[in-house]
file run_13.pdb (PDB, C-alpha atoms and all ligand atoms)
ATOM      1  CA  MET A 231     109.506  37.109-106.316  1.00  0.00           C
ATOM      2  CA  ASP A 232     110.162  33.447-107.183  1.00  0.00           C
ATOM      3  CA  LYS A 233     109.304  30.962-104.494  1.00  0.00           C
ATOM      4  CA  LYS A 234     112.603  29.861-102.983  1.00  0.00           C
ATOM      5  CA  GLU A 235     113.374  26.441-101.600  1.00  0.00           C
ATOM      6  CA  ILE A 236     113.924  26.677 -97.848  1.00  0.00           C
ATOM      7  CA  LYS A 237     115.923  23.959 -96.108  1.00  0.00           C
ATOM      8  CA  ILE A 238     115.089  23.443 -92.444  1.00  0.00           C
ATOM      9  CA  LEU A 239     118.075  24.152 -90.192  1.00  0.00           C
ATOM     10  CA  ILE A 240     116.593  24.388 -86.696  1.00  0.00           C
ATOM     11  CA  THR A 241     113.138  23.071 -85.830  1.00  0.00           C
ATOM     12  CA  GLU A 242     110.439  24.823 -83.842  1.00  0.00           C
ATOM     13  CA  GLU A 243     110.985  22.361 -80.961  1.00  0.00           C
ATOM     14  CA  GLU A 244     114.747  23.028 -80.880  1.00  0.00           C
ATOM     15  CA  ILE A 245     114.150  26.787 -80.850  1.00  0.00           C
ATOM     16  CA  GLN A 246     111.653  26.588 -77.991  1.00  0.00           C
ATOM     17  CA  HIS A 247     113.916  24.272 -75.993  1.00  0.00           C
ATOM     18  CA  LYS A 248     116.876  26.677 -76.261  1.00  0.00           C
ATOM     19  CA  ILE A 249     114.706  29.671 -75.400  1.00  0.00           C
ATOM     20  CA  LYS A 250     113.540  27.916 -72.253  1.00  0.00           C
ATOM     21  CA  GLU A 251     117.183  27.240 -71.276  1.00  0.00           C
ATOM     22  CA  LEU A 252     118.051  30.895 -71.880  1.00  0.00           C
ATOM     23  CA  ALA A 253     115.020  32.120 -69.923  1.00  0.00           C
ATOM     24  CA  ASP A 254     116.017  29.885 -66.985  1.00  0.00           C
ATOM     25  CA  LYS A 255     119.468  31.548 -66.951  1.00  0.00           C
ATOM     26  CA  LEU A 256     118.010  35.060 -67.162  1.00  0.00           C
ATOM     27  CA  ASN A 257     115.383  34.346 -64.474  1.00  0.00           C
ATOM     28  CA  ALA A 258     118.175  33.213 -62.156  1.00  0.00           C
ATOM     29  CA  LYS A 259     120.460  36.151 -63.017  1.00  0.00           C
ATOM     30  CA  TYR A 260     117.814  38.853 -62.496  1.00  0.00           C
ATOM     31  CA  LYS A 261     115.782  37.196 -59.710  1.00  0.00           C
ATOM     32  CA  GLY A 262     113.589  39.856 -58.082  1.00  0.00           C
ATOM     33  CA  GLU A 263     114.958  42.666 -60.273  1.00  0.00           C
ATOM     34  CA  LYS A 264     113.173  44.669 -62.912  1.00  0.00           C
ATOM     35  CA  VAL A 265     114.439  44.326 -66.469  1.00  0.00           C
ATOM     36  CA  TYR A 266     113.930  46.354 -69.657  1.00  0.00           C
ATOM     37  CA  LEU A 267     113.879  44.020 -72.639  1.00  0.00           C
ATOM     38  CA  ILE A 268     114.612  45.882 -75.881  1.00  0.00           C
ATOM     39  CA  CYS A 269     113.426  44.027 -78.965  1.00  0.00           C
ATOM     40  CA  VAL A 270     115.191  45.013 -82.184  1.00  0.00           C
ATOM     41  CA  LEU A 271     112.526  45.012 -84.897  1.00  0.00           C
ATOM     42  CA  LYS A 272     111.713  43.467 -87.123  1.00  0.00           C
ATOM     43  CA  GLY A 273     113.849  40.342 -87.063  1.00  0.00           C
ATOM     44  CA  ALA A 274     113.862  39.686 -83.311  1.00  0.00           C
ATOM     45  CA  VAL A 275     110.100  39.888 -82.857  1.00  0.00           C
ATOM     46  CA  MET A 276     109.353  36.142 -82.539  1.00  0.00           C
ATOM     47  CA  PHE A 277     112.389  35.495 -80.332  1.00  0.00           C
ATOM     48  CA  ALA A 278     111.667  38.462 -78.033  1.00  0.00           C
ATOM     49  CA  VAL A 279     108.015  37.490 -77.578  1.00  0.00           C
ATOM     50  CA  ASP A 280     108.721  33.817 -76.874  1.00  0.00           C
ATOM     51  CA  LEU A 281     111.582  34.718 -74.508  1.00  0.00           C
ATOM     52  CA  ALA A 282     109.491  37.338 -72.687  1.00  0.00           C
ATOM     53  CA  LYS A 283     106.682  34.824 -72.112  1.00  0.00           C
ATOM     54  CA  ARG A 284     109.117  32.606 -70.216  1.00  0.00           C
ATOM     55  CA  LEU A 285     110.608  35.356 -68.037  1.00  0.00           C
ATOM     56  CA  ASN A 286     109.081  35.507 -64.570  1.00  0.00           C
ATOM     57  CA  ILE A 287     110.765  38.742 -63.458  1.00  0.00           C
ATOM     58  CA  PRO A 288     109.211  42.235 -63.550  1.00  0.00           C
ATOM     59  CA  LEU A 289     109.597  43.161 -67.213  1.00  0.00           C
ATOM     60  CA  SER A 290     109.093  46.167 -69.480  1.00  0.00           C
ATOM     61  CA  MET A 291     109.225  45.555 -73.204  1.00  0.00           C
ATOM     62  CA  GLU A 292     110.532  48.226 -75.552  1.00  0.00           C
ATOM     63  CA  PHE A 293     110.745  48.041 -79.325  1.00  0.00           C
ATOM     64  CA  ILE A 294     113.247  49.799 -81.549  1.00  0.00           C
ATOM     65  CA  ARG A 295     113.536  49.540 -85.282  1.00  0.00           C
ATOM     66  CA  LEU A 296     116.774  49.389 -87.223  1.00  0.00           C
ATOM     67  CA  SER A 297     117.541  48.517 -90.777  1.00  0.00           C
ATOM     68  CA  SER A 298     120.777  48.047 -92.634  1.00  0.00           C
ATOM     69  CA  TYR A 299     121.171  49.320 -96.158  1.00  0.00           C
ATOM     70  CA  GLY A 300     122.155  46.880 -98.841  1.00  0.00           C
ATOM     71  CA  SER A 301     120.842  44.144-101.051  1.00  0.00           C
ATOM     72  CA  ALA A 302     118.371  41.569 -99.740  1.00  0.00           C
ATOM     73  CA  MET A 303     121.000  38.989 -98.838  1.00  0.00           C
ATOM     74  CA  ALA A 304     124.083  41.092 -98.057  1.00  0.00           C
ATOM     75  CA  SER A 305     124.472  43.639 -95.314  1.00  0.00           C
ATOM     76  CA  SER A 306     126.188  46.876 -96.407  1.00  0.00           C
ATOM     77  CA  GLY A 307     127.554  47.484 -92.944  1.00  0.00           C
ATOM     78  CA  LEU A 308     125.599  50.734 -92.553  1.00  0.00           C
ATOM     79  CA  VAL A 309     123.043  50.756 -89.759  1.00  0.00           C
ATOM     80  CA  ASN A 310     119.962  52.936 -90.173  1.00  0.00           C
ATOM     81  CA  ALA A 311     118.111  53.832 -86.955  1.00  0.00           C
ATOM     82  CA  VAL A 312     114.504  53.969 -88.147  1.00  0.00           C
ATOM     83  CA  ASP A 313     113.001  54.402 -84.666  1.00  0.00           C
ATOM     84  CA  ILE A 314     115.156  54.257 -81.586  1.00  0.00           C
ATOM     85  CA  SER A 315     113.040  56.132 -79.030  1.00  0.00           C
ATOM     86  CA  LEU A 316     113.560  54.648 -75.585  1.00  0.00           C
ATOM     87  CA  PRO A 317     112.608  55.558 -72.014  1.00  0.00           C
ATOM     88  CA  ASN A 318     115.249  56.680 -69.526  1.00  0.00           C
ATOM     89  CA  LEU A 319     117.378  53.572 -68.909  1.00  0.00           C
ATOM     90  CA  ASN A 320     119.642  55.074 -66.242  1.00  0.00           C
ATOM     91  CA  ASP A 321     120.092  52.570 -63.371  1.00  0.00           C
ATOM     92  CA  LYS A 322     118.037  49.939 -65.220  1.00  0.00           C
ATOM     93  CA  ASN A 323     118.883  46.366 -66.165  1.00  0.00           C
ATOM     94  CA  VAL A 324     118.769  46.191 -69.968  1.00  0.00           C
ATOM     95  CA  ILE A 325     118.601  43.135 -72.214  1.00  0.00           C
ATOM     96  CA  ILE A 326     118.954  43.881 -75.922  1.00  0.00           C
ATOM     97  CA  VAL A 327     117.280  41.131 -77.954  1.00  0.00           C
ATOM     98  CA  GLU A 328     118.452  40.702 -81.551  1.00  0.00           C
ATOM     99  CA  ASP A 329     117.847  38.068 -84.229  1.00  0.00           C
ATOM    100  CA  ILE A 330     121.387  37.449 -85.452  1.00  0.00           C
ATOM    101  CA  VAL A 331     124.898  38.797 -84.988  1.00  0.00           C
ATOM    102  CA  ASP A 332     126.517  38.665 -88.428  1.00  0.00           C
ATOM    103  CA  THR A 333     129.177  41.329 -89.102  1.00  0.00           C
ATOM    104  CA  GLY A 334     128.575  42.571 -85.545  1.00  0.00           C
ATOM    105  CA  LEU A 335     128.083  46.166 -86.696  1.00  0.00           C
ATOM    106  CA  THR A 336     124.472  46.357 -85.507  1.00  0.00           C
ATOM    107  CA  ALA A 337     125.366  44.903 -82.101  1.00  0.00           C
ATOM    108  CA  LYS A 338     128.243  47.376 -81.760  1.00  0.00           C
ATOM    109  CA  PHE A 339     126.023  50.281 -82.857  1.00  0.00           C
ATOM    110  CA  LEU A 340     123.408  49.361 -80.246  1.00  0.00           C
ATOM    111  CA  MET A 341     125.831  48.812 -77.377  1.00  0.00           C
ATOM    112  CA  ASP A 342     127.570  52.122 -78.211  1.00  0.00           C
ATOM    113  CA  PHE A 343     124.181  53.877 -78.424  1.00  0.00           C
ATOM    114  CA  ILE A 344     123.055  52.594 -75.017  1.00  0.00           C
ATOM    115  CA  ASN A 345     126.408  53.390 -73.392  1.00  0.00           C
ATOM    116  CA  ALA A 346     126.511  56.901 -74.893  1.00  0.00           C
ATOM    117  CA  ASN A 347     122.996  57.812 -73.774  1.00  0.00           C
ATOM    118  CA  PHE A 348     122.478  56.008 -70.447  1.00  0.00           C
ATOM    119  CA  LYS A 349     124.307  54.841 -67.367  1.00  0.00           C
ATOM    120  CA  THR A 350     122.465  51.524 -67.057  1.00  0.00           C
ATOM    121  CA  LYS A 351     122.766  49.230 -64.057  1.00  0.00           C
ATOM    122  CA  SER A 352     123.635  46.421 -66.480  1.00  0.00           C
ATOM    123  CA  THR A 353     123.393  45.842 -70.225  1.00  0.00           C
ATOM    124  CA  VAL A 354     123.546  42.457 -71.920  1.00  0.00           C
ATOM    125  CA  PHE A 355     123.252  41.558 -75.578  1.00  0.00           C
ATOM    126  CA  CYS A 356     121.197  38.507 -76.327  1.00  0.00           C
ATOM    127  CA  SER A 357     120.958  37.065 -79.842  1.00  0.00           C
ATOM    128  CA  LEU A 358     119.026  34.120 -81.211  1.00  0.00           C
ATOM    129  CA  LEU A 359     121.796  33.333 -83.700  1.00  0.00           C
ATOM    130  CA  ASP A 360     125.528  33.878 -83.842  1.00  0.00           C
ATOM    131  CA  LYS A 361     127.193  33.787 -87.282  1.00  0.00           C
ATOM    132  CA  LYS A 362     130.784  33.973 -86.065  1.00  0.00           C
ATOM    133  CA  SER A 363     132.550  33.406 -89.400  1.00  0.00           C
ATOM    134  CA  THR A 364     131.338  36.703 -90.921  1.00  0.00           C
ATOM    135  CA  ARG A 365     132.266  39.017 -88.037  1.00  0.00           C
ATOM    136  CA  LYS A 366     133.856  42.355 -88.982  1.00  0.00           C
ATOM    137  CA  VAL A 367     134.066  43.934 -85.531  1.00  0.00           C
ATOM    138  CA  ASP A 368     135.241  42.440 -82.276  1.00  0.00           C
ATOM    139  CA  ILE A 369     131.974  41.835 -80.457  1.00  0.00           C
ATOM    140  CA  GLU A 370     130.300  38.732 -79.032  1.00  0.00           C
ATOM    141  CA  PRO A 371     126.739  38.399 -77.755  1.00  0.00           C
ATOM    142  CA  ASP A 372     126.578  37.791 -73.990  1.00  0.00           C
ATOM    143  CA  TYR A 373     123.981  35.110 -74.667  1.00  0.00           C
ATOM    144  CA  TYR A 374     122.947  33.327 -77.854  1.00  0.00           C
ATOM    145  CA  CYS A 375     120.929  30.234 -78.687  1.00  0.00           C
ATOM    146  CA  PHE A 376     122.575  28.779 -81.814  1.00  0.00           C
ATOM    147  CA  ASP A 377     125.794  29.090 -83.818  1.00  0.00           C
ATOM    148  CA  VAL A 378     125.131  29.203 -87.560  1.00  0.00           C
ATOM    149  CA  ASP A 379     127.390  28.877 -90.591  1.00  0.00           C
ATOM    150  CA  ASP A 380     127.637  31.500 -93.297  1.00  0.00           C
ATOM    151  CA  LYS A 381     124.256  30.767 -94.856  1.00  0.00           C
ATOM    152  CA  PHE A 382     121.345  33.152 -95.443  1.00  0.00           C
ATOM    153  CA  ILE A 383     118.880  32.309 -92.687  1.00  0.00           C
ATOM    154  CA  VAL A 384     115.138  32.921 -92.857  1.00  0.00           C
ATOM    155  CA  GLY A 385     112.150  32.137 -90.673  1.00  0.00           C
ATOM    156  CA  TYR A 386     111.173  32.767 -87.064  1.00  0.00           C
ATOM    157  CA  GLY A 387     111.348  36.536 -87.610  1.00  0.00           C
ATOM    158  CA  LEU A 388     114.158  36.627 -90.171  1.00  0.00           C
ATOM    159  CA  ASP A 389     113.194  37.655 -93.683  1.00  0.00           C
ATOM    160  CA  LEU A 390     114.180  37.734 -97.292  1.00  0.00           C
ATOM    161  CA  ASP A 391     112.567  40.834 -98.834  1.00  0.00           C
ATOM    162  CA  GLN A 392     110.023  40.895 -95.950  1.00  0.00           C
ATOM    163  CA  GLN A 393     108.933  37.291 -96.595  1.00  0.00           C
ATOM    164  CA  TYR A 394     109.300  34.141 -94.480  1.00  0.00           C
ATOM    165  CA  ARG A 395     109.258  35.895 -91.069  1.00  0.00           C
ATOM    166  CA  ASN A 396     106.209  33.807 -90.107  1.00  0.00           C
ATOM    167  CA  LEU A 397     107.882  30.411 -90.489  1.00  0.00           C
ATOM    168  CA  PRO A 398     107.943  28.754 -87.049  1.00  0.00           C
ATOM    169  CA  TYR A 399     111.379  27.208 -87.765  1.00  0.00           C
ATOM    170  CA  LEU A 400     114.745  28.514 -88.991  1.00  0.00           C
ATOM    171  CA  GLY A 401     115.816  27.596 -92.486  1.00  0.00           C
ATOM    172  CA  TYR A 402     118.276  28.647 -95.106  1.00  0.00           C
ATOM    173  CA  ILE A 403     118.190  29.511 -98.752  1.00  0.00           C
ATOM    174  CA  GLU A 404     120.867  28.043-100.970  1.00  0.00           C
TER
HETATM  175  P1  LIG B   1     125.087  42.679 -88.641  1.00  0.00           P
HETATM  176  O1  LIG B   1     125.817  42.383 -89.928  1.00  0.00           O
HETATM  177  O2  LIG B   1     125.096  44.138 -88.346  1.00  0.00           O
HETATM  178  O3  LIG B   1     125.638  41.850 -87.493  1.00  0.00           O
HETATM  179  O4  LIG B   1     123.579  42.223 -88.844  1.00  0.00           O
HETATM  180  C1  LIG B   1     122.668  43.134 -89.396  1.00  0.00           C
HETATM  181  C2  LIG B   1     121.326  42.554 -89.614  1.00  0.00           C
HETATM  182  O5  LIG B   1     121.406  41.872 -90.862  1.00  0.00           O
HETATM  183  C3  LIG B   1     120.752  41.527 -88.641  1.00  0.00           C
HETATM  184  O6  LIG B   1     120.099  42.094 -87.535  1.00  0.00           O
HETATM  185  C4  LIG B   1     119.738  40.844 -89.553  1.00  0.00           C
HETATM  186  O7  LIG B   1     118.516  41.565 -89.565  1.00  0.00           O
HETATM  187  C5  LIG B   1     120.430  40.906 -90.906  1.00  0.00           C
HETATM  188  N1  LIG B   1     121.042  39.603 -91.202  1.00  0.00           N
HETATM  189  C6  LIG B   1     122.319  39.208 -91.026  1.00  0.00           C
HETATM  190  N2  LIG B   1     122.481  37.922 -91.409  1.00  0.00           N
HETATM  191  C7  LIG B   1     121.248  37.511 -91.827  1.00  0.00           C
HETATM  192  C8  LIG B   1     120.747  36.270 -92.329  1.00  0.00           C
HETATM  193  O8  LIG B   1     121.427  35.248 -92.471  1.00  0.00           O
HETATM  194  N3  LIG B   1     119.415  36.254 -92.639  1.00  0.00           N
HETATM  195  C9  LIG B   1     118.592  37.339 -92.523  1.00  0.00           C
HETATM  196  N4  LIG B   1     117.313  37.190 -92.859  1.00  0.00           N
HETATM  197  N5  LIG B   1     119.035  38.520 -92.042  1.00  0.00           N
HETATM  198  C10 LIG B   1     120.352  38.588 -91.700  1.00  0.00           C
END
call {"tool": "encode", "arguments": {"input": "run_13.pdb", "output": "structure tokens", "more": "lines below"}}
Ligand code: 5GP
result
Amino acid sequence: MDKKEIKILITEEEIQHKIKELADKLNAKYKGEKVYLICVLKGAVMFAVDLAKRLNIPLSMEFIRLSSYGSAMASSGLVNAVDISLPNLNDKNVIIVEDIVDTGLTAKFLMDFINANFKTKSTVFCSLLDKKSTRKVDIEPDYYCFDVDDKFIVGYGLDLDQQYRNLPYLGYIE
């Protein structure tokens, strides 16, 4: 693949600052309570790990893997559950951690999946990025760190054809 030019959108420092703010809110909300953090692989891996390191509540980390069919830079709107095995989440506090809410179909799929299979104590959806202008279903993350415009974002877990996930910042490809 040709090497693409990546423009920096959000620096490593800005990301870490926002994650600390989010962790402070979650630590206050769940003080003394156990939480199940569900990381949606692969894109949310960096965000989930950095967030988890700042949470000072009793925490279990679970990992599920989804993919959406389609071309590298356009979601088809079909969600493919590659591995969605989870423990019993009845009566548990659940935080779903995702990289980006774009059309909203993945977020809706996950919330519907959790609600259909478990009676949780609480479920919140937490996304690093919110791309509001491309939404196709009526869903908003309960928490998010940054609003982004309709650009293709890479870095800090987000990929283009499995590349660029290791960048410590968020950038976009023109
Ligand atoms: P949805 O359209 O269902 O809200 O998002 C589906 C998935 O598409 C996201 O979890 C993410 O993996 C991927 N996605 C959406 N927008 C972008 C983007 O700008 N960059 C990258 N790398 N992936 C995206």
call {"tool": "residues_around", "arguments": {"input": "run_13.pdb", "residues": "Lys283 in chain A", "least_positions_apart": "5", "cutoff": "10 Å", "atoms": "all atoms listed in the file", "output": "MDAnalysis selection string"}}
result
chainID A and resid 250 253 278
call {"tool": "resolve_selection", "arguments": {"input": "run_13.pdb", "expression": "the PyMOL selection byres (((chain A and resi 333) around 6) and not hetatm)", "output": "number ranges by chain"}}
result
A: 332, 334-335, 364-366
call {"tool": "write_last_selection", "arguments": {"input": "run_13.pdb", "atoms": "C-alpha atoms", "output": "PDB file, in the frame of the given file"}}
result
ATOM      1  CA  ASP A 332     126.517  38.665 -88.428  1.00  0.00           C
ATOM      2  CA  GLY A 334     128.575  42.571 -85.545  1.00  0.00           C
ATOM      3  CA  LEU A 335     128.083  46.166 -86.696  1.00  0.00           C
ATOM      4  CA  THR A 364     131.338  36.703 -90.921  1.00  0.00           C
ATOM      5  CA  ARG A 365     132.266  39.017 -88.037  1.00  0.00           C
ATOM      6  CA  LYS A 366     133.856  42.355 -88.982  1.00  0.00           C
TER       7      LYS A 366
END
call {"tool": "residues_near_point", "arguments": {"input": "run_13.pdb", "point": "(121.8, 39.8, -71.9)", "cutoff": "7 Å", "atoms": "all atoms listed in the file", "output": "JSON, numbers by chain"}}
result
{"A": [325, 326, 353, 354, 355, 356, 372, 373]}
call {"tool": "write_last_selection", "arguments": {"input": "run_13.pdb", "atoms": "C-alpha atoms", "output": "short mmCIF file (atom, residue, chain, number, x, y, z; two decimals), in the frame of the given file"}}
result
data_model
loop_
_atom_site.label_atom_id
_atom_site.label_comp_id
_atom_site.auth_asym_id
_atom_site.auth_seq_id
_atom_site.Cartn_x
_atom_site.Cartn_y
_atom_site.Cartn_z
CA ILE A 325 118.60 43.14 -72.21
CA ILE A 326 118.95 43.88 -75.92
CA THR A 353 123.39 45.84 -70.22
CA VAL A 354 123.55 42.46 -71.92
CA PHE A 355 123.25 41.56 -75.58
CA CYS A 356 121.20 38.51 -76.33
CA ASP A 372 126.58 37.79 -73.99
CA TYR A 373 123.98 35.11 -74.67
#
call {"tool": "residues_near_ligand", "arguments": {"input": "run_13.pdb", "ligand": "ligand LIG 1 (chain B)", "cutoff": "7 Å", "atoms": "all atoms listed in the file", "output": "ChimeraX atom specification"}}
result
/A:273,298,303,305,307,328-337,381-384,388-390
call {"tool": "resolve_selection", "arguments": {"input": "run_13.pdb", "expression": "the PyMOL selection byres (((chain A and resi 288) around 6) and not hetatm)", "output": "list of chain:residue names"}}
result
A:Lys264, A:Ile287, A:Leu289
call {"tool": "write_last_selection", "arguments": {"input": "run_13.pdb", "atoms": "C-alpha atoms", "output": "PDB file, keeping the file's coordinate frame"}}
result
ATOM      1  CA  LYS A 264     113.173  44.669 -62.912  1.00  0.00           C
ATOM      2  CA  ILE A 287     110.765  38.742 -63.458  1.00  0.00           C
ATOM      3  CA  LEU A 289     109.597  43.161 -67.213  1.00  0.00           C
TER       4      LEU A 289
END
call {"tool": "build_atoms", "arguments": {"input": "run_13.pdb", "residues": "range 310-322 of chain A", "atoms": "N, CA, C and O atoms", "output": "PDB file, in the coordinates of the input"}}
result
ATOM      1  N   ASN A 310     120.895  51.817 -90.091  1.00  0.00           N
ATOM      2  CA  ASN A 310     119.962  52.936 -90.173  1.00  0.00           C
ATOM      3  C   ASN A 310     118.998  52.836 -88.988  1.00  0.00           C
ATOM      4  O   ASN A 310     118.266  51.848 -88.873  1.00  0.00           O
ATOM      5  N   ALA A 311     119.025  53.837 -88.102  1.00  0.00           N
ATOM      6  CA  ALA A 311     118.111  53.832 -86.955  1.00  0.00           C
ATOM      7  C   ALA A 311     116.775  54.398 -87.399  1.00  0.00           C
ATOM      8  O   ALA A 311     116.614  55.600 -87.544  1.00  0.00           O
ATOM      9  N   VAL A 312     115.812  53.531 -87.652  1.00  0.00           N
ATOM     10  CA  VAL A 312     114.504  53.969 -88.147  1.00  0.00           C
ATOM     11  C   VAL A 312     113.688  54.565 -87.001  1.00  0.00           C
ATOM     12  O   VAL A 312     113.057  55.596 -87.149  1.00  0.00           O
ATOM     13  N   ASP A 313     113.699  53.883 -85.853  1.00  0.00           N
ATOM     14  CA  ASP A 313     113.001  54.402 -84.666  1.00  0.00           C
ATOM     15  C   ASP A 313     113.701  53.846 -83.441  1.00  0.00           C
ATOM     16  O   ASP A 313     113.646  52.649 -83.167  1.00  0.00           O
ATOM     17  N   ILE A 314     114.361  54.727 -82.716  1.00  0.00           N
ATOM     18  CA  ILE A 314     115.156  54.257 -81.586  1.00  0.00           C
ATOM     19  C   ILE A 314     114.768  55.031 -80.320  1.00  0.00           C
ATOM     20  O   ILE A 314     115.588  55.284 -79.453  1.00  0.00           O
ATOM     21  N   SER A 315     113.474  55.410 -80.231  1.00  0.00           N
ATOM     22  CA  SER A 315     113.040  56.132 -79.030  1.00  0.00           C
ATOM     23  C   SER A 315     112.891  55.163 -77.857  1.00  0.00           C
ATOM     24  O   SER A 315     112.220  54.135 -77.973  1.00  0.00           O
ATOM     25  N   LEU A 316     113.526  55.519 -76.766  1.00  0.00           N
ATOM     26  CA  LEU A 316     113.560  54.648 -75.585  1.00  0.00           C
ATOM     27  C   LEU A 316     113.273  55.470 -74.333  1.00  0.00           C
ATOM     28  O   LEU A 316     113.535  56.675 -74.311  1.00  0.00           O
ATOM     29  N   PRO A 317     112.751  54.830 -73.278  1.00  0.00           N
ATOM     30  CA  PRO A 317     112.608  55.558 -72.014  1.00  0.00           C
ATOM     31  C   PRO A 317     113.980  55.771 -71.377  1.00  0.00           C
ATOM     32  O   PRO A 317     114.989  55.283 -71.893  1.00  0.00           O
ATOM     33  N   ASN A 318     113.989  56.485 -70.247  1.00  0.00           N
ATOM     34  CA  ASN A 318     115.249  56.680 -69.526  1.00  0.00           C
ATOM     35  C   ASN A 318     115.711  55.343 -68.947  1.00  0.00           C
ATOM     36  O   ASN A 318     115.003  54.737 -68.144  1.00  0.00           O
ATOM     37  N   LEU A 319     116.882  54.885 -69.363  1.00  0.00           N
ATOM     38  CA  LEU A 319     117.378  53.572 -68.909  1.00  0.00           C
ATOM     39  C   LEU A 319     118.475  53.703 -67.850  1.00  0.00           C
ATOM     40  O   LEU A 319     119.132  52.713 -67.516  1.00  0.00           O
ATOM     41  N   ASN A 320     118.650  54.914 -67.310  1.00  0.00           N
ATOM     42  CA  ASN A 320     119.642  55.074 -66.242  1.00  0.00           C
ATOM     43  C   ASN A 320     119.274  54.175 -65.061  1.00  0.00           C
ATOM     44  O   ASN A 320     118.104  54.094 -64.676  1.00  0.00           O
ATOM     45  N   ASP A 321     120.263  53.471 -64.528  1.00  0.00           N
ATOM     46  CA  ASP A 321     120.092  52.570 -63.371  1.00  0.00           C
ATOM     47  C   ASP A 321     119.169  51.379 -63.634  1.00  0.00           C
ATOM     48  O   ASP A 321     118.670  50.777 -62.689  1.00  0.00           O
ATOM     49  N   LYS A 322     118.909  51.083 -64.888  1.00  0.00           N
ATOM     50  CA  LYS A 322     118.037  49.939 -65.220  1.00  0.00           C
ATOM     51  C   LYS A 322     118.870  48.756 -65.719  1.00  0.00           C
ATOM     52  O   LYS A 322     119.956  48.940 -66.278  1.00  0.00           O
TER      53      LYS A 322
END
